[in-house]
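A.B. asks: Compact mmCIF, C-alpha atoms, saved as run-v6.txt, coming up:
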```txt
# COMPACT_ATOMS: atom_id res chain seq x y z
CA MET C 18 -95.92 -37.03 -22.20
CA ARG C 19 -96.73 -34.33 -24.76
CA ALA C 20 -93.38 -32.62 -24.20
CA LEU C 21 -91.58 -35.95 -24.43
CA GLY C 22 -93.32 -36.80 -27.70
CA ALA C 23 -92.32 -33.40 -29.11
CA GLU C 24 -88.72 -33.94 -27.98
CA LEU C 25 -88.64 -37.32 -29.74
CA GLY C 26 -90.47 -36.04 -32.82
CA VAL C 27 -93.36 -38.48 -32.48
CA GLN C 28 -97.04 -38.24 -31.61
CA GLN C 29 -97.80 -38.50 -27.91
CA SER C 30 -100.00 -41.51 -28.68
CA ALA C 31 -97.00 -43.35 -30.13
CA LEU C 32 -95.42 -43.40 -26.68
CA TYR C 33 -98.25 -45.60 -25.47
CA HIS C 34 -97.09 -48.37 -27.79
CA HIS C 35 -94.13 -48.64 -25.39
CA VAL C 36 -95.60 -47.85 -21.97
CA THR C 37 -99.15 -48.08 -20.71
CA SER C 38 -98.98 -44.94 -18.56
CA LYS C 39 -96.82 -42.04 -17.44
CA GLN C 40 -96.41 -43.86 -14.11
CA GLU C 41 -94.95 -46.90 -15.85
CA LEU C 42 -92.52 -44.65 -17.74
CA LEU C 43 -91.44 -42.94 -14.50
CA GLY C 44 -90.84 -46.38 -12.98
CA LEU C 45 -88.57 -47.29 -15.89
CA VAL C 46 -86.70 -43.98 -15.52
CA ALA C 47 -86.19 -44.66 -11.81
CA ASP C 48 -84.86 -48.14 -12.60
CA ALA C 49 -82.49 -46.70 -15.21
CA ILE C 50 -81.18 -44.12 -12.71
CA LEU C 51 -80.57 -46.86 -10.14
CA GLU C 52 -78.91 -49.16 -12.67
CA ARG C 53 -76.36 -46.41 -13.31
CA ALA C 54 -75.38 -46.39 -9.64
CA PRO C 55 -71.69 -47.04 -9.12
CA ARG C 56 -71.04 -50.60 -7.93
CA ARG C 57 -67.81 -50.64 -6.02
CA PRO C 58 -66.83 -54.25 -5.38
CA ALA C 59 -66.53 -55.13 -1.70
CA ARG C 60 -63.52 -57.04 -0.47
CA ALA C 61 -64.26 -60.68 0.15
CA ASP C 62 -63.70 -60.18 3.89
CA ALA C 63 -65.82 -57.00 4.09
CA SER C 64 -68.30 -56.96 6.98
CA TRP C 65 -72.03 -56.77 6.30
CA GLN C 66 -71.92 -53.26 7.78
CA THR C 67 -69.41 -52.21 5.12
CA ARG C 68 -71.43 -53.83 2.34
CA VAL C 69 -74.66 -52.19 3.49
CA ARG C 70 -73.06 -48.76 3.91
CA ARG C 71 -71.45 -49.00 0.48
CA ARG C 72 -74.69 -50.00 -1.23
CA CYS C 73 -76.45 -47.04 0.43
CA GLU C 74 -73.69 -44.65 -0.60
CA ASP C 75 -73.91 -45.91 -4.19
CA VAL C 76 -77.71 -45.55 -4.29
CA ARG C 77 -77.33 -42.02 -2.95
CA ALA C 78 -74.76 -41.19 -5.65
CA ALA C 79 -77.15 -42.52 -8.30
CA VAL C 80 -80.09 -40.32 -7.31
CA LEU C 81 -77.91 -37.25 -6.71
CA ALA C 82 -76.63 -37.53 -10.28
CA TYR C 83 -80.00 -36.45 -11.71
CA PRO C 84 -82.13 -33.36 -10.92
CA ASP C 85 -85.01 -34.42 -8.67
CA GLY C 86 -83.54 -37.93 -8.67
CA ALA C 87 -84.38 -38.55 -5.00
CA ASP C 88 -87.93 -37.24 -5.45
CA LEU C 89 -88.52 -39.47 -8.48
CA VAL C 90 -87.00 -42.67 -7.09
CA LEU C 91 -88.60 -42.29 -3.65
CA SER C 92 -92.04 -41.62 -5.17
CA VAL C 93 -91.91 -44.47 -7.66
CA TRP C 94 -90.65 -46.86 -4.97
CA ALA C 95 -93.55 -45.77 -2.73
CA PHE C 96 -96.01 -46.41 -5.58
CA GLY C 97 -94.53 -49.87 -6.09
CA LEU C 98 -94.07 -49.11 -9.79
CA GLY C 99 -90.28 -49.35 -9.95
CA GLY C 100 -87.12 -48.56 -8.05
CA GLY C 101 -87.34 -51.73 -5.97
CA ALA C 102 -83.81 -53.04 -6.57
CA PRO C 103 -82.06 -51.29 -3.64
CA GLU C 104 -84.62 -52.62 -1.16
CA ASP C 105 -84.21 -56.15 -2.53
CA GLU C 106 -80.41 -55.96 -2.47
CA LEU C 107 -80.19 -54.51 1.04
CA ARG C 108 -82.65 -57.08 2.35
CA ALA C 109 -80.59 -59.88 0.79
CA LEU C 110 -77.42 -58.51 2.42
CA LEU C 111 -79.13 -58.34 5.80
CA LEU C 112 -80.66 -61.82 5.55
CA ASP C 113 -77.23 -63.09 4.57
CA ALA C 114 -75.86 -61.41 7.71
CA GLY C 115 -78.29 -63.40 9.85
CA LEU C 116 -81.13 -60.92 10.34
CA GLU C 117 -84.57 -62.52 10.04
CA GLU C 118 -87.86 -61.32 8.60
CA PRO C 119 -89.61 -59.00 9.14
CA ALA C 120 -86.57 -57.26 10.67
CA ALA C 121 -84.59 -57.45 7.42
CA SER C 122 -87.37 -55.81 5.41
CA THR C 123 -87.88 -53.09 7.99
CA ALA C 124 -84.14 -52.41 8.19
CA SER C 125 -83.70 -52.17 4.42
CA ARG C 126 -86.65 -49.82 4.11
CA THR C 127 -85.44 -47.69 7.05
CA LEU C 128 -82.01 -47.33 5.45
CA LEU C 129 -83.63 -46.20 2.20
CA HIS C 130 -86.05 -43.76 3.85
CA PHE C 131 -82.99 -42.15 5.45
CA VAL C 132 -80.94 -42.21 2.22
CA TYR C 133 -83.71 -40.73 0.09
CA GLY C 134 -84.82 -38.25 2.77
CA HIS C 135 -81.27 -36.96 3.09
CA ALA C 136 -80.78 -36.83 -0.69
CA TYR C 137 -84.14 -35.10 -1.19
CA ALA C 138 -83.16 -32.40 1.30
CA GLN C 139 -79.77 -31.98 -0.35
CA GLN C 140 -81.30 -31.62 -3.82
CA ALA C 141 -83.86 -29.11 -2.52
CA HIS C 142 -81.05 -27.18 -0.84
CA ASP C 143 -78.79 -27.22 -3.89
CA HIS C 144 -81.67 -26.18 -6.16
CA ALA C 145 -82.48 -23.22 -3.90
CA ALA C 146 -78.80 -22.32 -3.65
CA ARG C 147 -78.57 -22.12 -7.45
CA LEU C 148 -81.51 -19.69 -7.36
CA GLY C 149 -79.71 -17.65 -4.69
CA ALA C 150 -82.43 -18.31 -2.11
CA VAL C 151 -80.57 -20.26 0.54
CA VAL C 152 -79.29 -18.68 3.69
CA VAL C 153 -77.80 -21.62 5.59
CA HIS C 154 -74.97 -24.03 5.07
CA SER C 155 -76.10 -27.65 4.93
CA PRO C 156 -73.86 -29.93 7.04
CA ASP C 157 -72.31 -32.91 5.26
CA ASP C 158 -73.54 -35.53 7.70
CA PHE C 159 -74.75 -38.29 5.41
CA GLY C 160 -71.99 -40.74 6.35
CA ALA C 161 -72.38 -40.11 10.08
CA GLY C 162 -76.16 -40.51 9.87
CA LEU C 163 -75.88 -43.70 7.84
CA ALA C 164 -73.46 -45.10 10.44
CA LEU C 165 -76.09 -44.43 13.14
CA VAL C 166 -78.79 -46.35 11.28
CA VAL C 167 -76.40 -49.25 10.60
CA ALA C 168 -75.45 -49.30 14.31
CA GLY C 169 -79.15 -49.53 15.15
CA ILE C 170 -79.50 -52.55 12.86
CA ALA C 171 -76.36 -54.13 14.37
CA SER C 172 -77.88 -53.77 17.85
CA ARG C 173 -80.55 -56.29 16.74
CA MET R 11 -98.61 -15.78 -4.93
CA ARG R 12 -101.09 -14.62 -7.57
CA ALA R 13 -103.52 -17.39 -6.68
CA LEU R 14 -103.12 -16.65 -2.99
CA GLY R 15 -103.83 -12.94 -3.56
CA ALA R 16 -106.95 -13.83 -5.54
CA GLU R 17 -108.09 -16.19 -2.77
CA LEU R 18 -107.65 -13.41 -0.21
CA GLY R 19 -109.20 -10.75 -2.44
CA VAL R 20 -106.09 -8.55 -2.46
CA GLN R 21 -103.47 -7.56 -5.00
CA GLN R 22 -100.49 -9.89 -5.19
CA SER R 23 -98.26 -6.93 -4.34
CA ALA R 24 -100.10 -6.46 -1.04
CA LEU R 25 -98.76 -9.83 0.12
CA TYR R 26 -95.26 -8.40 0.00
CA HIS R 27 -96.13 -6.00 2.81
CA HIS R 28 -96.18 -9.12 4.99
CA VAL R 29 -93.49 -11.37 3.53
CA THR R 30 -90.46 -10.52 1.42
CA SER R 31 -90.67 -13.62 -0.79
CA LYS R 32 -92.60 -16.78 -1.56
CA GLN R 33 -89.81 -18.70 0.19
CA GLU R 34 -90.36 -16.75 3.41
CA LEU R 35 -94.10 -17.46 3.20
CA LEU R 36 -93.45 -21.18 2.71
CA GLY R 37 -91.19 -21.12 5.76
CA LEU R 38 -94.00 -19.60 7.83
CA VAL R 39 -96.44 -22.23 6.53
CA ALA R 40 -94.01 -25.00 7.51
CA ASP R 41 -93.65 -23.49 10.99
CA ALA R 42 -97.44 -23.28 11.34
CA ILE R 43 -97.83 -26.95 10.32
CA LEU R 44 -95.22 -27.99 12.88
CA GLU R 45 -96.76 -25.83 15.63
CA ARG R 46 -99.98 -27.76 15.16
CA ALA R 47 -98.20 -31.05 15.91
CA PRO R 48 -99.74 -32.91 18.83
CA ARG R 49 -97.67 -32.55 21.98
CA ARG R 50 -98.31 -35.53 24.17
CA PRO R 51 -96.77 -34.88 27.59
CA ALA R 52 -94.12 -37.41 28.58
CA ARG R 53 -94.24 -38.96 32.04
CA ALA R 54 -91.67 -37.44 34.36
CA ASP R 55 -89.79 -40.74 34.46
CA ALA R 56 -89.90 -41.32 30.69
CA SER R 57 -86.56 -42.33 29.16
CA TRP R 58 -84.88 -40.12 26.57
CA GLN R 59 -85.65 -42.84 24.02
CA THR R 60 -89.36 -42.51 24.75
CA ARG R 61 -89.21 -38.72 24.56
CA VAL R 62 -87.33 -38.78 21.26
CA ARG R 63 -89.62 -41.37 19.72
CA ARG R 64 -92.70 -39.44 20.82
CA ARG R 65 -91.42 -36.15 19.42
CA CYS R 66 -90.70 -37.87 16.08
CA GLU R 67 -94.15 -39.48 16.02
CA ASP R 68 -95.74 -36.08 16.69
CA VAL R 69 -93.73 -34.35 13.96
CA ARG R 70 -94.76 -37.11 11.57
CA ALA R 71 -98.44 -36.67 12.51
CA ALA R 72 -98.10 -32.93 11.88
CA VAL R 73 -96.77 -33.25 8.33
CA LEU R 74 -99.12 -36.11 7.42
CA ALA R 75 -102.08 -33.86 8.34
CA TYR R 76 -101.52 -31.65 5.27
CA PRO R 77 -101.23 -32.60 1.59
CA ASP R 78 -97.55 -32.48 0.60
CA GLY R 79 -96.73 -31.62 4.22
CA ALA R 80 -93.56 -33.74 4.28
CA ASP R 81 -92.38 -32.29 0.97
CA LEU R 82 -92.93 -28.71 2.17
CA VAL R 83 -91.41 -29.08 5.64
CA LEU R 84 -88.40 -31.09 4.43
CA SER R 85 -87.68 -28.60 1.64
CA VAL R 86 -88.02 -25.50 3.80
CA TRP R 87 -85.88 -27.08 6.52
CA ALA R 88 -83.22 -27.89 3.90
CA PHE R 89 -83.31 -24.27 2.71
CA GLY R 90 -82.86 -23.06 6.28
CA LEU R 91 -85.89 -20.80 5.86
CA GLY R 92 -88.13 -22.37 8.49
CA GLY R 93 -89.14 -25.67 10.01
CA GLY R 94 -86.16 -25.75 12.35
CA ALA R 95 -88.03 -26.40 15.61
CA PRO R 96 -88.00 -30.23 15.52
CA GLU R 97 -84.23 -30.32 14.95
CA ASP R 98 -83.68 -27.90 17.86
CA GLU R 99 -85.99 -29.84 20.17
CA LEU R 100 -84.54 -33.25 19.36
CA ARG R 101 -81.00 -31.94 19.75
CA ALA R 102 -81.91 -30.49 23.16
CA LEU R 103 -83.39 -33.85 24.24
CA LEU R 104 -80.24 -35.67 23.13
CA LEU R 105 -77.85 -33.21 24.76
CA ASP R 106 -79.92 -33.54 27.91
CA ALA R 107 -79.49 -37.32 27.67
CA GLY R 108 -75.71 -36.89 27.66
CA LEU R 109 -74.89 -37.02 23.94
CA GLU R 110 -72.27 -34.44 22.91
CA GLU R 111 -71.86 -32.33 19.82
CA PRO R 112 -71.57 -32.90 16.92
CA ALA R 113 -73.20 -36.28 17.64
CA ALA R 114 -76.40 -34.69 18.95
CA SER R 115 -76.83 -32.57 15.83
CA THR R 116 -76.14 -35.49 13.52
CA ALA R 117 -78.53 -37.71 15.45
CA SER R 118 -81.37 -35.16 15.42
CA ARG R 119 -80.95 -34.58 11.68
CA THR R 120 -80.77 -38.32 10.98
CA LEU R 121 -84.01 -38.90 12.87
CA LEU R 122 -85.71 -36.18 10.83
CA HIS R 123 -84.36 -37.36 7.48
CA PHE R 124 -85.89 -40.74 8.30
CA VAL R 125 -89.17 -39.23 9.56
CA TYR R 126 -89.62 -36.95 6.55
CA GLY R 127 -88.38 -39.55 4.05
CA HIS R 128 -90.90 -42.07 5.38
CA ALA R 129 -93.71 -39.48 5.47
CA TYR R 130 -92.89 -38.28 1.96
CA ALA R 131 -93.12 -41.83 0.63
CA GLN R 132 -96.40 -42.38 2.47
CA GLN R 133 -97.93 -39.18 1.08
CA ALA R 134 -96.77 -40.06 -2.44
CA HIS R 135 -98.25 -43.54 -2.02
CA ASP R 136 -101.55 -42.27 -0.64
CA HIS R 137 -101.82 -39.65 -3.38
CA ALA R 138 -101.28 -42.28 -6.07
CA ALA R 139 -103.72 -44.64 -4.34
CA ARG R 140 -106.42 -41.95 -4.49
CA LEU R 141 -105.78 -41.70 -8.24
CA GLY R 142 -106.05 -45.47 -8.53
CA ALA R 143 -102.47 -45.87 -9.70
CA VAL R 144 -100.95 -47.92 -6.91
CA VAL R 145 -100.40 -51.62 -7.19
CA VAL R 146 -98.65 -52.43 -3.90
CA HIS R 147 -99.51 -52.32 -0.25
CA SER R 148 -97.21 -50.07 1.76
CA PRO R 149 -96.09 -51.71 5.03
CA ASP R 150 -96.74 -49.78 8.22
CA ASP R 151 -93.17 -49.90 9.50
CA PHE R 152 -92.63 -46.35 10.73
CA GLY R 153 -92.48 -47.29 14.41
CA ALA R 154 -90.14 -50.22 13.83
CA GLY R 155 -87.84 -48.07 11.66
CA LEU R 156 -87.81 -45.25 14.20
CA ALA R 157 -86.89 -47.75 16.92
CA LEU R 158 -83.90 -48.87 14.80
CA VAL R 159 -82.60 -45.30 14.43
CA VAL R 160 -83.07 -44.64 18.16
CA ALA R 161 -81.21 -47.90 18.95
CA GLY R 162 -78.35 -46.65 16.76
CA ILE R 163 -78.19 -43.42 18.75
CA ALA R 164 -78.33 -45.37 22.03
CA SER R 165 -75.32 -47.43 20.90
CA ARG R 166 -73.27 -44.20 21.04
```
As structure tokens, please, write out the structure in this file.

C.D. replies:
Amino acid sequence: MRALGAELGVQQSALYHHVTSKQELLGLVADAILERAPRRPARADASWQTRVRRRCEDVRAAVLAYPDGADLVLSVWAFGLGGGAPEDELRALLLDAGLEEPAASTASRTLLHFVYGHAYAQQAHDHAARLGAVVVHSPDDFGAGLALVVAGIASR
Amino acid sequence: MRALGAELGVQQSALYHHVTSKQELLGLVADAILERAPRRPARADASWQTRVRRRCEDVRAAVLAYPDGADLVLSVWAFGLGGGAPEDELRALLLDAGLEEPAASTASRTLLHFVYGHAYAQQAHDHAARLGAVVVHSPDDFGAGLALVVAGIASR
């Protein structure tokens, strides 16, 4: 908060006129990152599988666009202090597709744990690669992994 | 490395007689955490689904046993500098069950991205809860989510 105040040219205490805590600010940052996710319109006849996959791909693109984006959004979502929109949207898609509760909540959270886990690993890998520390190639298997999770949901 | 040297009562430089870098040390720590995972023997007639689920539950227990365990193991695994045993073991289980490559590799990595993503969120949540910052209850849906991913693999 001190560094942010310096960057903005205001006292640190002035920031607390806008947010009550650093955690609240991080929640707002996570929401802003997610709001900038691409939103590719689905065709009217798109299956729920296509809609769910697309939403997950867009959420992934949003967090990958910022350094430590997956870390921030996953943490804030776990705290319950922000970043809740993707869970709500995926759950609505799955309820609309006929899944019931609590299966729809579990499925939406499982999709996001996979999406953020994969994105976190990719950002850690890319960060290390920039520092010259990485020795292995990271396979590009996000789409194939997402398809597996969606197939698991479809089996219910 | 400086703090570790001080803790051990040796010069920081002495550590480099044992490891070439901090990254290598972190890889060894991740391997040690994973080696301490419980290993519940499966019944001889256990299905591959049961074996896979059990291995994932044990890996989860291993990383949850240490602060930031999921963060460390997921990062090191992404670097390719350690923590590779669970991927190898799950892939072997899946190949044994009749899955072929590259499906077995994708499936083992997808399981682990879910396991670590879920564990990371839980550790972030628990850490914040200890600091009194958390406002939401975190549902205990690891088993249900894992079952979804395994069902997706079974559908292949």

A.B. asks: Which residue gives the smallest distance to chain C among R:Leu82, R:Ala52, R:Leu74, R:Ala102, with only C-alpha atoms counted?

C.D. replies: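 Answer, going by the shortest atom-to-atom distance: R:Leu82.
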
A.B. asks: Provide as an NGL selection string the residues of chain R at most 9 Å from chain C, counting all atoms listed in the file.

C.D. replies: :R and (33 or 81 or 84-91 or 113 or 116-117 or 119-136 or 138-139 or 143-149 or 151-152 or 154-166)

A.B. asks: Quick one: of C:Val27, C:Ala54, C:Ala114, C:Ala20, who's nearest to C:Val76, counting all atoms listed in the file?

C.D. replies: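 With all atoms listed in the file as the atom set, the closest residue is C:Ala54.
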
A.B. asks: Got a sec to check which residues sit within 12 Å of (-99.2, -33.5, 25.5), counting all atoms listed in the file, and write them as a PDB file with C-alpha atoms, in the frame of the given file?

C.D. replies:
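Writing the result to out39.pdb gives the following:
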```pdb
ATOM      1  CA  ARG R  46     -99.980 -27.760  15.160  1.00  0.00           C
ATOM      2  CA  ALA R  47     -98.200 -31.050  15.910  1.00  0.00           C
ATOM      3  CA  PRO R  48     -99.740 -32.910  18.830  1.00  0.00           C
ATOM      4  CA  ARG R  49     -97.670 -32.550  21.980  1.00  0.00           C
ATOM      5  CA  ARG R  50     -98.310 -35.530  24.170  1.00  0.00           C
ATOM      6  CA  PRO R  51     -96.770 -34.880  27.590  1.00  0.00           C
ATOM      7  CA  ALA R  52     -94.120 -37.410  28.580  1.00  0.00           C
ATOM      8  CA  ARG R  53     -94.240 -38.960  32.040  1.00  0.00           C
ATOM      9  CA  ARG R  61     -89.210 -38.720  24.560  1.00  0.00           C
ATOM     10  CA  ARG R  64     -92.700 -39.440  20.820  1.00  0.00           C
ATOM     11  CA  ARG R  65     -91.420 -36.150  19.420  1.00  0.00           C
ATOM     12  CA  ASP R  68     -95.740 -36.080  16.690  1.00  0.00           C
TER      13      ASP R  68
END
```

A.B. asks: By how many Å are atom CA of R:Ala72 and atom CA of R:Ile43 apart?

C.D. replies: 6.2 Å

A.B. asks: For a test of reading the model, state the distance in Å between atom CA of C:Lys39 and atom CA of C:Met18, rounded to one decimal.

C.D. replies: 7.0 Å

A.B. asks: Work out how far apart atom CA of R:Ala71 and atom CA of R:Leu44 are and give it in Å to one decimal.

C.D. replies: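 For atom CA of R:Ala71 relative to atom CA of R:Leu44, the distance reads 9.3 Å.
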